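Source file: my_file_33.tsv (TSV, C-alpha atoms and all ligand atoms)
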chain	number	residue	atom	x	y	z
A	170	MET	CA	-5.86	30.23	177.23
A	171	SER	CA	-6.58	33.77	176.32
A	172	VAL	CA	-3.46	35.52	177.48
A	173	ASN	CA	-0.43	36.31	175.44
A	174	LEU	CA	2.03	33.98	177.11
A	175	GLU	CA	5.06	35.66	175.62
A	176	LEU	CA	4.00	38.91	177.18
A	177	LEU	CA	3.49	37.16	180.50
A	178	GLU	CA	6.93	35.60	180.35
A	179	THR	CA	8.58	38.89	179.42
A	180	ALA	CA	6.87	40.55	182.33
A	181	LEU	CA	8.18	37.92	184.71
A	182	ASP	CA	11.52	37.41	183.04
A	183	SER	CA	13.27	40.39	184.51
A	184	ALA	CA	15.43	39.05	187.33
A	185	LYS	CA	13.29	40.53	190.01
A	186	LEU	CA	9.62	41.09	190.35
A	187	HIS	CA	8.62	44.72	190.37
A	188	HIS	CA	6.34	45.91	193.07
A	189	ALA	CA	3.67	47.39	190.85
A	190	TYR	CA	2.29	46.52	187.43
A	191	LEU	CA	-0.37	48.23	185.42
A	192	ILE	CA	-2.07	46.03	182.86
A	193	VAL	CA	-3.87	47.98	180.18
A	194	GLY	CA	-6.36	46.44	177.80
A	195	TYR	CA	-9.81	44.98	177.52
A	196	GLU	CA	-8.70	41.60	178.75
A	197	SER	CA	-6.58	42.95	181.57
A	198	GLU	CA	-8.40	40.98	184.27
A	199	VAL	CA	-7.95	37.71	182.42
A	200	PHE	CA	-4.27	38.49	182.03
A	201	ALA	CA	-4.00	39.50	185.69
A	202	LYS	CA	-5.39	36.14	186.75
A	203	GLU	CA	-2.68	34.28	184.84
A	204	PHE	CA	-0.06	36.71	186.06
A	205	VAL	CA	-1.02	36.13	189.68
A	206	GLN	CA	-0.74	32.39	189.21
A	207	SER	CA	2.73	32.80	187.69
A	208	ILE	CA	3.84	34.79	190.69
A	209	PHE	CA	2.75	32.12	193.15
A	210	CYS	CA	3.69	29.16	190.96
A	211	PRO	CA	6.04	29.94	188.02
A	212	GLU	CA	5.17	26.62	186.32
A	213	ARG	CA	1.47	27.28	186.78
A	214	CYS	CA	1.16	23.58	187.39
A	215	GLY	CA	-2.46	23.58	188.45
A	216	LYS	CA	-1.75	20.96	191.11
A	217	CYS	CA	0.20	22.56	193.97
A	218	THR	CA	-1.44	24.16	196.98
A	219	HIS	CA	-1.01	27.64	195.51
A	220	CYS	CA	-2.66	26.73	192.21
A	221	GLN	CA	-5.44	24.84	193.93
A	222	LYS	CA	-6.23	27.65	196.31
A	223	LEU	CA	-6.09	30.23	193.55
A	224	SER	CA	-8.54	28.31	191.40
A	225	LYS	CA	-10.91	28.06	194.34
A	226	GLY	CA	-10.46	31.76	195.06
A	227	VAL	CA	-9.23	31.11	198.60
A	228	HIS	CA	-5.53	31.92	198.44
A	229	PRO	CA	-4.80	33.88	201.64
A	230	ASP	CA	-2.02	35.93	200.05
A	231	LEU	CA	-4.07	37.20	197.14
A	232	ILE	CA	-6.38	40.12	197.67
A	233	TRP	CA	-8.42	40.82	194.58
A	234	VAL	CA	-10.37	44.05	194.75
A	235	THR	CA	-13.30	44.62	192.46
A	236	LYS	CA	-15.39	47.74	192.61
A	237	SER	CA	-18.13	47.52	195.21
A	238	GLY	CA	-20.24	50.20	193.56
A	239	LYS	CA	-19.39	52.23	190.52
A	240	ARG	CA	-15.72	52.26	191.36
A	241	ILE	CA	-13.28	51.04	194.00
A	242	SER	CA	-14.03	53.11	197.07
A	243	ILE	CA	-11.71	55.00	199.36
A	244	ASP	CA	-12.72	52.61	202.15
A	245	GLN	CA	-11.59	49.65	200.12
A	246	ILE	CA	-8.19	51.31	199.61
A	247	ARG	CA	-7.90	52.12	203.31
A	248	GLN	CA	-8.58	48.49	204.08
A	249	LEU	CA	-5.74	47.52	201.78
A	250	GLN	CA	-3.47	49.91	203.62
A	251	GLN	CA	-4.28	48.12	206.87
A	252	GLN	CA	-3.86	44.66	205.39
A	253	ALA	CA	-0.51	45.61	203.83
A	254	LEU	CA	0.99	45.59	207.31
A	255	TYR	CA	0.57	41.82	207.55
A	256	ALA	CA	3.18	39.65	205.86
A	257	PRO	CA	2.07	36.85	203.53
A	258	THR	CA	1.16	33.64	205.28
A	259	GLU	CA	1.74	30.92	202.70
A	260	ALA	CA	3.79	32.41	199.88
A	261	GLU	CA	6.77	34.71	199.68
A	262	ARG	CA	4.64	37.43	198.22
A	263	LYS	CA	1.37	39.01	198.92
A	264	VAL	CA	-0.47	40.16	195.79
A	265	TYR	CA	-3.03	42.92	195.48
A	266	VAL	CA	-5.08	43.08	192.31
A	267	LEU	CA	-7.16	46.22	191.78
A	268	GLU	CA	-9.60	46.34	188.90
A	269	ALA	CA	-10.65	49.26	186.70
A	270	ILE	CA	-8.13	51.64	188.17
A	271	GLU	CA	-9.00	54.36	185.64
A	272	ASP	CA	-12.30	54.85	187.48
A	273	LEU	CA	-10.73	55.64	190.88
A	274	SER	CA	-11.77	58.90	192.46
A	275	LEU	CA	-8.96	61.38	193.05
A	276	GLU	CA	-9.25	60.81	196.78
A	277	ALA	CA	-8.94	57.03	196.44
A	278	ALA	CA	-6.11	57.37	193.93
A	279	ASN	CA	-4.15	59.55	196.34
A	280	SER	CA	-4.68	57.05	199.08
A	281	LEU	CA	-3.46	54.24	196.84
A	282	LEU	CA	-0.44	56.32	195.96
A	283	LYS	CA	0.60	56.34	199.61
A	284	ILE	CA	0.94	52.54	199.66
A	285	LEU	CA	2.56	52.52	196.23
A	286	GLU	CA	5.21	54.96	197.38
A	287	GLN	CA	6.48	52.85	200.25
A	288	PRO	CA	5.19	49.34	199.94
A	289	PRO	CA	6.41	46.53	202.18
A	290	LYS	CA	8.95	44.33	200.35
A	291	TYR	CA	6.62	41.35	200.06
A	292	LEU	CA	3.82	43.28	198.37
A	293	VAL	CA	3.12	43.14	194.62
A	294	PHE	CA	0.46	45.35	193.05
A	295	ILE	CA	-1.33	44.44	189.87
A	296	LEU	CA	-3.58	47.21	188.65
A	297	THR	CA	-5.86	46.69	185.71
A	298	ALA	CA	-7.36	49.29	183.42
A	299	ARG	CA	-9.11	49.54	180.08
A	300	SER	CA	-7.10	52.62	179.14
A	301	ALA	CA	-3.93	54.22	180.43
A	302	ASN	CA	-5.89	57.35	181.26
A	303	ILE	CA	-4.91	57.37	184.93
A	304	LEU	CA	-3.09	59.65	187.34
A	305	PRO	CA	0.48	60.18	186.11
A	306	THR	CA	1.77	59.79	189.64
A	307	ILE	CA	0.38	56.25	189.76
A	308	LEU	CA	1.44	55.50	186.21
A	309	SER	CA	5.02	56.48	186.95
A	310	ARG	CA	5.27	53.92	189.74
A	311	CYS	CA	4.12	50.99	187.64
A	312	GLN	CA	5.58	48.70	185.05
A	313	VAL	CA	3.08	49.07	182.27
A	314	ILE	CA	1.99	46.01	180.31
A	315	ARG	CA	-0.12	46.84	177.28
A	316	LEU	CA	-2.27	44.07	175.92
A	317	GLN	CA	-3.14	43.86	172.27
A	318	SER	CA	-6.84	43.38	171.98
A	319	SER	CA	-7.41	39.96	170.43
A	320	SER	CA	-9.61	39.94	167.42
A	321	ALA	CA	-12.95	38.22	167.66
A	322	THR	CA	-11.63	35.42	165.47
A	323	ASP	CA	-8.72	34.75	167.81
A	324	ILE	CA	-11.11	34.57	170.70
A	325	GLU	CA	-13.47	32.34	168.76
A	326	ASN	CA	-10.57	29.98	168.11
A	327	GLU	CA	-9.64	29.94	171.77
A	328	LEU	CA	-13.23	29.20	172.67
A	329	LYS	CA	-13.20	26.25	170.29
A	330	GLU	CA	-10.26	24.90	172.25
A	331	LYS	CA	-12.38	25.16	175.37
A	332	GLU	CA	-14.67	22.61	173.76
A	333	PHE	CA	-17.79	24.68	173.65
A	334	SER	CA	-20.33	23.13	171.31
A	335	GLY	CA	-21.11	24.79	167.99
A	336	GLU	CA	-24.43	25.97	169.37
A	337	ALA	CA	-22.80	27.43	172.48
A	338	LEU	CA	-20.22	29.23	170.35
A	339	ASP	CA	-22.85	30.62	168.07
A	340	TYR	CA	-24.82	31.79	171.05
A	341	LEU	CA	-21.77	33.47	172.61
A	342	MET	CA	-21.06	35.31	169.38
A	343	SER	CA	-24.69	36.42	169.22
A	344	VAL	CA	-24.74	37.71	172.76
A	345	THR	CA	-21.42	39.53	172.54
A	346	LYS	CA	-21.87	40.58	168.88
A	347	GLY	CA	-18.35	39.25	168.41
A	348	LEU	CA	-16.90	42.25	170.24
A	349	PRO	CA	-13.60	41.12	171.78
A	350	HIS	CA	-14.01	43.03	175.02
A	351	TRP	CA	-17.52	41.70	175.54
A	352	LEU	CA	-16.46	38.17	174.68
A	353	ALA	CA	-13.48	38.34	176.98
A	354	ARG	CA	-15.69	39.57	179.75
A	355	ILE	CA	-17.88	36.51	179.87
A	356	ALA	CA	-16.37	33.68	177.88
A	357	PHE	CA	-13.50	32.85	180.15
A	358	LEU	CA	-15.30	32.61	183.44
A	359	ASP	CA	-14.66	29.33	185.20
A	360	GLY	CA	-17.29	26.69	184.70
A	361	PHE	CA	-19.18	28.96	182.32
A	362	GLN	CA	-22.03	27.21	180.53
A	363	PRO	CA	-23.58	29.66	178.10
A	364	LEU	CA	-26.51	27.51	177.01
A	365	ALA	CA	-27.50	26.52	180.53
A	366	GLU	CA	-27.35	30.16	181.57
A	367	ARG	CA	-29.44	31.16	178.56
A	368	ASP	CA	-32.11	28.52	179.22
A	369	ASN	CA	-32.23	29.45	182.85
A	370	ALA	CA	-32.61	33.15	182.04
A	371	ARG	CA	-35.33	32.51	179.45
A	372	ALA	CA	-37.27	30.22	181.76
A	373	ASN	CA	-37.25	32.79	184.55
A	374	LEU	CA	-38.40	35.65	182.34
A	375	LYS	CA	-41.59	34.01	181.21
A	376	ALA	CA	-43.23	34.38	184.62
A	377	LEU	CA	-42.49	38.10	185.00
A	378	ASP	CA	-44.86	40.90	184.06
A	379	GLU	CA	-43.50	43.88	182.08
A	380	ILE	CA	-42.64	45.93	185.15
A	381	LYS	CA	-40.86	43.09	186.96
A	382	LEU	CA	-39.08	42.31	183.72
A	383	THR	CA	-37.85	45.89	183.43
A	384	GLN	CA	-36.72	45.86	187.05
A	385	ALA	CA	-34.89	42.58	186.45
A	386	LEU	CA	-32.79	44.41	183.88
A	387	GLY	CA	-31.24	46.37	186.73
A	388	GLU	CA	-31.05	43.52	189.19
A	389	SER	CA	-29.25	41.06	187.01
A	390	GLY	CA	-25.51	41.48	186.76
A	391	SER	CA	-25.33	38.72	184.17
A	392	PHE	CA	-24.48	39.80	180.65
A	393	ILE	CA	-26.50	36.93	179.23
A	394	ALA	CA	-29.57	37.61	181.37
A	395	GLN	CA	-29.52	41.30	180.44
A	396	ARG	CA	-29.53	40.42	176.77
A	397	GLU	CA	-32.37	37.94	177.13
A	398	ILE	CA	-34.41	40.40	179.20
A	399	THR	CA	-33.99	43.13	176.61
A	400	LEU	CA	-35.18	40.90	173.80
A	401	GLU	CA	-38.12	39.70	175.89
A	402	ILE	CA	-39.15	43.32	176.54
A	403	LEU	CA	-38.91	44.12	172.82
A	404	LYS	CA	-40.96	41.03	171.95
A	405	ARG	CA	-43.75	42.06	174.31
A	406	LEU	CA	-43.97	45.70	173.22
A	407	PRO	CA	-46.24	45.21	170.17
A	408	ALA	CA	-48.93	43.65	172.36
A	409	SER	CA	-48.67	46.36	175.03
A	410	ASN	CA	-51.12	49.24	175.12
A	411	SER	CA	-50.00	52.82	175.63
A	412	ALA	CA	-50.75	52.81	179.36
A	413	GLN	CA	-48.50	49.77	179.83
A	414	ILE	CA	-45.76	51.38	177.79
A	415	LEU	CA	-45.82	54.47	179.99
A	416	LYS	CA	-45.45	52.22	183.03
A	417	ILE	CA	-42.49	50.42	181.53
A	418	ALA	CA	-40.87	53.78	180.71
A	419	LYS	CA	-41.40	54.85	184.31
A	420	ALA	CA	-39.77	51.66	185.59
A	421	MET	CA	-36.86	52.27	183.23
A	422	THR	CA	-36.20	55.71	184.67
A	423	GLU	CA	-35.44	53.99	187.96
A	424	LEU	CA	-32.73	51.76	186.50
A	425	GLU	CA	-29.03	52.35	187.06
A	426	PRO	CA	-27.53	54.16	184.04
A	427	GLU	CA	-25.48	51.05	183.13
A	428	ALA	CA	-28.55	48.85	182.92
A	429	LEU	CA	-30.38	51.37	180.77
A	430	GLU	CA	-27.33	51.72	178.57
A	431	ARG	CA	-27.22	47.94	178.06
A	432	PHE	CA	-30.90	47.93	177.10
A	433	ILE	CA	-30.35	50.63	174.51
A	434	GLN	CA	-27.20	49.00	173.13
A	435	GLU	CA	-28.93	45.66	172.77
A	436	THR	CA	-31.97	47.31	171.18
A	437	SER	CA	-29.75	49.15	168.76
A	438	TYR	CA	-28.18	45.87	167.58
A	439	TRP	CA	-31.64	44.36	167.19
A	440	CYS	CA	-32.83	47.22	164.98
A	441	ARG	CA	-29.69	47.11	162.86
A	442	ASP	CA	-30.22	43.39	162.40
A	443	LEU	CA	-33.73	44.04	161.14
A	444	LEU	CA	-32.31	46.37	158.55
A	445	ALA	CA	-29.60	43.85	157.63
A	446	ALA	CA	-32.15	41.02	157.44
A	447	ARG	CA	-34.08	42.92	154.77
A	448	GLU	CA	-31.05	42.65	152.52
A	449	ASP	CA	-29.83	39.26	153.72
A	450	GLY	CA	-26.85	40.89	155.37
A	451	THR	CA	-24.79	39.47	158.22
A	452	LEU	CA	-26.62	39.43	161.53
A	453	PHE	CA	-25.27	40.07	165.01
A	454	ASN	CA	-28.07	38.15	166.71
A	455	ARG	CA	-27.42	34.97	164.80
A	456	ASP	CA	-29.54	32.87	167.11
A	457	PHE	CA	-32.68	34.81	166.14
A	458	SER	CA	-32.03	34.76	162.42
A	459	GLU	CA	-35.39	33.27	161.50
A	460	MET	CA	-37.40	35.67	163.65
A	461	LEU	CA	-35.44	38.66	162.35
A	462	HIS	CA	-36.07	37.70	158.75
A	463	THR	CA	-39.81	37.20	159.30
A	464	GLN	CA	-40.08	40.48	161.22
A	465	ALA	CA	-38.01	42.43	158.68
A	466	LYS	CA	-40.39	41.51	155.87
A	467	LYS	CA	-43.24	43.24	157.68
A	468	LEU	CA	-41.40	46.53	158.13
A	469	SER	CA	-40.79	49.32	155.69
A	470	GLU	CA	-37.31	50.71	155.46
A	471	PRO	CA	-38.28	54.33	156.33
A	472	VAL	CA	-40.05	53.17	159.50
A	473	LEU	CA	-37.07	51.12	160.51
A	474	ILE	CA	-34.63	53.92	159.87
A	475	GLU	CA	-36.77	56.29	161.89
A	476	VAL	CA	-36.70	53.83	164.82
A	477	ILE	CA	-32.94	53.38	164.56
A	478	LYS	CA	-32.44	57.14	164.65
A	479	THR	CA	-34.48	57.38	167.83
A	480	VAL	CA	-32.59	54.50	169.45
A	481	GLU	CA	-29.26	56.06	168.61
A	482	THR	CA	-30.05	59.57	169.75
A	483	THR	CA	-31.73	58.57	173.02
A	484	PRO	CA	-28.50	58.05	175.05
A	485	TRP	CA	-27.22	61.36	173.71
A	486	ALA	CA	-30.40	63.13	174.79
A	487	ILE	CA	-30.41	61.43	178.20
A	488	GLN	CA	-26.87	62.64	178.85
A	489	ARG	CA	-28.02	66.16	178.17
A	490	ASN	CA	-30.51	65.88	181.02
A	491	ALA	CA	-33.57	66.00	178.88
A	492	ASN	CA	-36.75	64.62	180.42
A	493	VAL	CA	-35.71	60.97	180.65
A	494	GLN	CA	-39.18	59.57	181.12
A	495	LEU	CA	-40.49	61.40	178.08
A	496	LEU	CA	-37.55	60.18	175.99
A	497	LEU	CA	-38.06	56.59	177.05
A	498	GLU	CA	-41.79	56.79	176.37
A	499	SER	CA	-41.28	57.90	172.81
A	500	LEU	CA	-38.49	55.36	172.34
A	501	LEU	CA	-40.69	52.49	173.53
A	502	LEU	CA	-43.69	53.65	171.52
A	503	LYS	CA	-41.55	53.61	168.40
A	504	LEU	CA	-40.04	50.25	169.32
A	505	ARG	CA	-43.54	48.77	169.32
A	506	ALA	CA	-43.10	48.55	165.57
A	507	VAL	CA	-40.05	46.33	165.72
A	508	GLY	CA	-40.64	43.90	168.60
B	601	ZN	ZN	1.25	25.24	190.94

Would you mind giving the structure from this file in structure tokens?
Amino acid sequence: MSVNLELLETALDSAKLHHAYLIVGYESEVFAKEFVQSIFCPERCGKCTHCQKLSKGVHPDLIWVTKSGKRISIDQIRQLQQQALYAPTEAERKVYVLEAIEDLSLEAANSLLKILEQPPKYLVFILTARSANILPTILSRCQVIRLQSSSATDIENELKEKEFSGEALDYLMSVTKGLPHWLARIAFLDGFQPLAERDNARANLKALDEIKLTQALGESGSFIAQREITLEILKRLPASNSAQILKIAKAMTELEPEALERFIQETSYWCRDLLAAREDGTLFNRDFSEMLHTQAKKLSEPVLIEVIKTVETTPWAIQRNANVQLLLESLLLKLRAVG
């Protein structure tokens, strides 16, 4: 279990349930899930109808709102307003969970505020956010629960309890670079099988040409698939001619900013690992240790440092509205050295 149970109990201990909670922290959604269960079944027995329906994601009195695009939309909030009029059907409470509340537009936030100001008695709001940087008017209506970010080691220990194999654990640490918020994002999904997902992703990538591969970066919402795609692109770069590289750069300009950002992040870790491998340092991509060491021997340090500089300044330059295609072309041409 990844949540701080004491914190959960304190939150629920006060004689009555408040009508709105704001959970702040990188693992706020994981915490919210446990919190919701405690509201419907204080023992969190796992066996009663509430627990069963929650685990299947079909509890009629829980409405869990994730963002449909970049953020929760005003339409989604309006829908909640409508639904709030209907009393719970199976429990005493009806629970709304809203994710990533810090990203709400002002319009949506104001609309949410209307329900928060005069909610029906049976309604409980659980808002989650990475930071408490949200409208003060919303903040003031919520009980705020701040989560301590668990260290990677804590999470690794929890994962061990989940009976992941050593190989699966190692893989998870490689994919998430041991970053707690990345780990928390994928490692606690129900029925999550990291190695099966990895094998599946790798098998699918083989058949794709460079352009399809680049497009897949934007189409896949899976953290694991995005990592495997990035490494596959890097691996193919050295054998690509300049014309192919220009095409890949073009395809990259059409990606959503998040997908491009993931590609650059992942690439940046790869390049750092090459530098670390030269000096037998600790690697992030543990599962590619052998390949990194072989590759690192072929590269000179100045070349590598030059590539790293380009990787690191590219997002900065993109944000300043430079010519994105041109930036990506020169990035990829340089990355040809490290694939
Ligand atoms: Zn139960």

I'd like to know which of A:Lys503, A:Arg367, A:His219, A:Lys331 is closest to ligand ZN 601 (chain B), using only C-alpha atoms and all ligand atoms. A:His219

Write out as a list in words each polymer residue whose atoms come within 9 Å of stretch 467-473 of chain A, counting only C-alpha atoms; drop sequence neighbours fewer than 6 positions from it. Cys440, Arg441, Leu443, Leu444, Arg447, Ala506 and Val507 of chain A

Can you write out as JSON lines which residues of chain A fall within 12 Å of ligand ZN 601 (chain B), alongside each residue's closest atom pair and its distance in Å to one decimal, counting only C-alpha atoms and all ligand atoms and ordering rows by chain and ascending residue number?
{"residue": "A:Glu203", "atom": "CA", "partner": "B:ZN601", "partner_atom": "ZN", "distance": 11.6}
{"residue": "A:Val205", "atom": "CA", "partner": "B:ZN601", "partner_atom": "ZN", "distance": 11.2}
{"residue": "A:Gln206", "atom": "CA", "partner": "B:ZN601", "partner_atom": "ZN", "distance": 7.6}
{"residue": "A:Ser207", "atom": "CA", "partner": "B:ZN601", "partner_atom": "ZN", "distance": 8.4}
{"residue": "A:Ile208", "atom": "CA", "partner": "B:ZN601", "partner_atom": "ZN", "distance": 9.9}
{"residue": "A:Phe209", "atom": "CA", "partner": "B:ZN601", "partner_atom": "ZN", "distance": 7.4}
{"residue": "A:Cys210", "atom": "CA", "partner": "B:ZN601", "partner_atom": "ZN", "distance": 4.6}
{"residue": "A:Pro211", "atom": "CA", "partner": "B:ZN601", "partner_atom": "ZN", "distance": 7.3}
{"residue": "A:Glu212", "atom": "CA", "partner": "B:ZN601", "partner_atom": "ZN", "distance": 6.2}
{"residue": "A:Arg213", "atom": "CA", "partner": "B:ZN601", "partner_atom": "ZN", "distance": 4.6}
{"residue": "A:Cys214", "atom": "CA", "partner": "B:ZN601", "partner_atom": "ZN", "distance": 3.9}
{"residue": "A:Gly215", "atom": "CA", "partner": "B:ZN601", "partner_atom": "ZN", "distance": 4.8}
{"residue": "A:Lys216", "atom": "CA", "partner": "B:ZN601", "partner_atom": "ZN", "distance": 5.2}
{"residue": "A:Cys217", "atom": "CA", "partner": "B:ZN601", "partner_atom": "ZN", "distance": 4.2}
{"residue": "A:Thr218", "atom": "CA", "partner": "B:ZN601", "partner_atom": "ZN", "distance": 6.7}
{"residue": "A:His219", "atom": "CA", "partner": "B:ZN601", "partner_atom": "ZN", "distance": 5.6}
{"residue": "A:Cys220", "atom": "CA", "partner": "B:ZN601", "partner_atom": "ZN", "distance": 4.4}
{"residue": "A:Gln221", "atom": "CA", "partner": "B:ZN601", "partner_atom": "ZN", "distance": 7.3}
{"residue": "A:Lys222", "atom": "CA", "partner": "B:ZN601", "partner_atom": "ZN", "distance": 9.5}
{"residue": "A:Leu223", "atom": "CA", "partner": "B:ZN601", "partner_atom": "ZN", "distance": 9.3}
{"residue": "A:Ser224", "atom": "CA", "partner": "B:ZN601", "partner_atom": "ZN", "distance": 10.3}
{"residue": "A:Ala260", "atom": "CA", "partner": "B:ZN601", "partner_atom": "ZN", "distance": 11.7}

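Atom CA of A:Ala253 lies 16.2 Å from atom CA of A:Asn279.
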
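The spacing separating atom CA of A:Leu406 from atom CA of A:His462 amounts to 18.3 Å.
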
Against stretch 336-342 of chain A, which residues of stretch 437-503 of chain A fall within 8 Å? For each one I want the closest pair of atoms and the distance in Å (one decimal), counting all atoms listed in the file, rows by chain and increasing residue number, as a tab-separated table.
residue	atom	partner	partner_atom	distance
A:Phe453	CA	A:Met342	CA	7.7
A:Arg455	CA	A:Asp339	CA	7.1
A:Asp456	CA	A:Tyr340	CA	6.2

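Near A:Gly238, within a cut-off of 12 Å and counting only C-alpha atoms, sit the residues Val234, Ser242, Ile243, Asp244, Gln245, Ala269, Asp272, Leu273, Glu425 and Glu427 of chain A, with same-chain residues fewer than 4 positions away left out.
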
Rounded to one decimal place, report the atom CA of A:Glu178-atom CA of A:Ile295 distance in Å.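 Going from atom CA of A:Glu178 over to atom CA of A:Ile295 covers 15.4 Å.
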
Quick one: residues within 9 Å of (5.7, 55.8, 191.6) (file frame), counting all atoms listed in the file, please, as a list in words. Ala189, Leu282, Leu285, Glu286, Pro305, Thr306, Ile307, Leu308, Ser309, Arg310 and Cys311 of chain A

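Neighbourhood of point (-29.0, 37.0, 186.5): residues with an atom at most 12 Å away, counting only C-alpha atoms, are A:Glu366, A:Arg367, A:Asp368, A:Asn369, A:Ala370, A:Arg371, A:Ala372, A:Asn373, A:Leu374, A:Leu382, A:Gln384, A:Ala385, A:Leu386, A:Gly387, A:Glu388, A:Ser389, A:Gly390, A:Ser391, A:Phe392, A:Ile393, A:Ala394, A:Gln395, A:Arg396, A:Glu397, A:Ile398.
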
File dump, residues just selected, C-alpha atoms, as a short mmCIF file (atom, residue, chain, number, x, y, z; two decimals), in the coordinates of the input:
data_model
loop_
_atom_site.label_atom_id
_atom_site.label_comp_id
_atom_site.auth_asym_id
_atom_site.auth_seq_id
_atom_site.Cartn_x
_atom_site.Cartn_y
_atom_site.Cartn_z
CA GLU A 366 -27.35 30.16 181.57
CA ARG A 367 -29.44 31.16 178.56
CA ASP A 368 -32.11 28.52 179.22
CA ASN A 369 -32.23 29.45 182.85
CA ALA A 370 -32.61 33.15 182.04
CA ARG A 371 -35.33 32.51 179.45
CA ALA A 372 -37.27 30.22 181.76
CA ASN A 373 -37.25 32.79 184.55
CA LEU A 374 -38.40 35.65 182.34
CA LEU A 382 -39.08 42.31 183.72
CA GLN A 384 -36.72 45.86 187.05
CA ALA A 385 -34.89 42.58 186.45
CA LEU A 386 -32.79 44.41 183.88
CA GLY A 387 -31.24 46.37 186.73
CA GLU A 388 -31.05 43.52 189.19
CA SER A 389 -29.25 41.06 187.01
CA GLY A 390 -25.51 41.48 186.76
CA SER A 391 -25.33 38.72 184.17
CA PHE A 392 -24.48 39.80 180.65
CA ILE A 393 -26.50 36.93 179.23
CA ALA A 394 -29.57 37.61 181.37
CA GLN A 395 -29.52 41.30 180.44
CA ARG A 396 -29.53 40.42 176.77
CA GLU A 397 -32.37 37.94 177.13
CA ILE A 398 -34.41 40.40 179.20
#

Residue with smallest distance to A:Glu379 - pool A:Ala365, A:Glu259, A:Val344, A:Leu415, counting all atoms listed in the file: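 Between A:Ala365, A:Glu259, A:Val344, A:Leu415, the residue approaching A:Glu379 most closely is A:Leu415.
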
Looking at all atoms listed in the file, which of A:Thr258, A:Thr345, A:Gln248, A:Thr383 is the one that sits closest to A:Leu281? A:Gln248

Considering all atoms listed in the file, return as a PDB file with C-alpha atoms, in the coordinates of the input whatever protein or nucleic-acid residues lie within 9 Å of A:His187, sequence-local ones (same chain, fewer than 6 positions apart) excluded.
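Wrote it out as out.pdb, contents follow:
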ATOM      1  CA  LEU A 181       8.180  37.920 184.710  1.00  0.00           C
ATOM      2  CA  VAL A 293       3.120  43.140 194.620  1.00  0.00           C
ATOM      3  CA  PHE A 294       0.460  45.350 193.050  1.00  0.00           C
ATOM      4  CA  CYS A 311       4.120  50.990 187.640  1.00  0.00           C
ATOM      5  CA  GLN A 312       5.580  48.700 185.050  1.00  0.00           C
TER       6      GLN A 312
END

Which one of A:Val227, A:Ile433, A:Val266, A:Ala465 sits closest to A:Thr483 if you count all atoms listed in the file?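 Result for the nearest residue to A:Thr483: A:Ile433.
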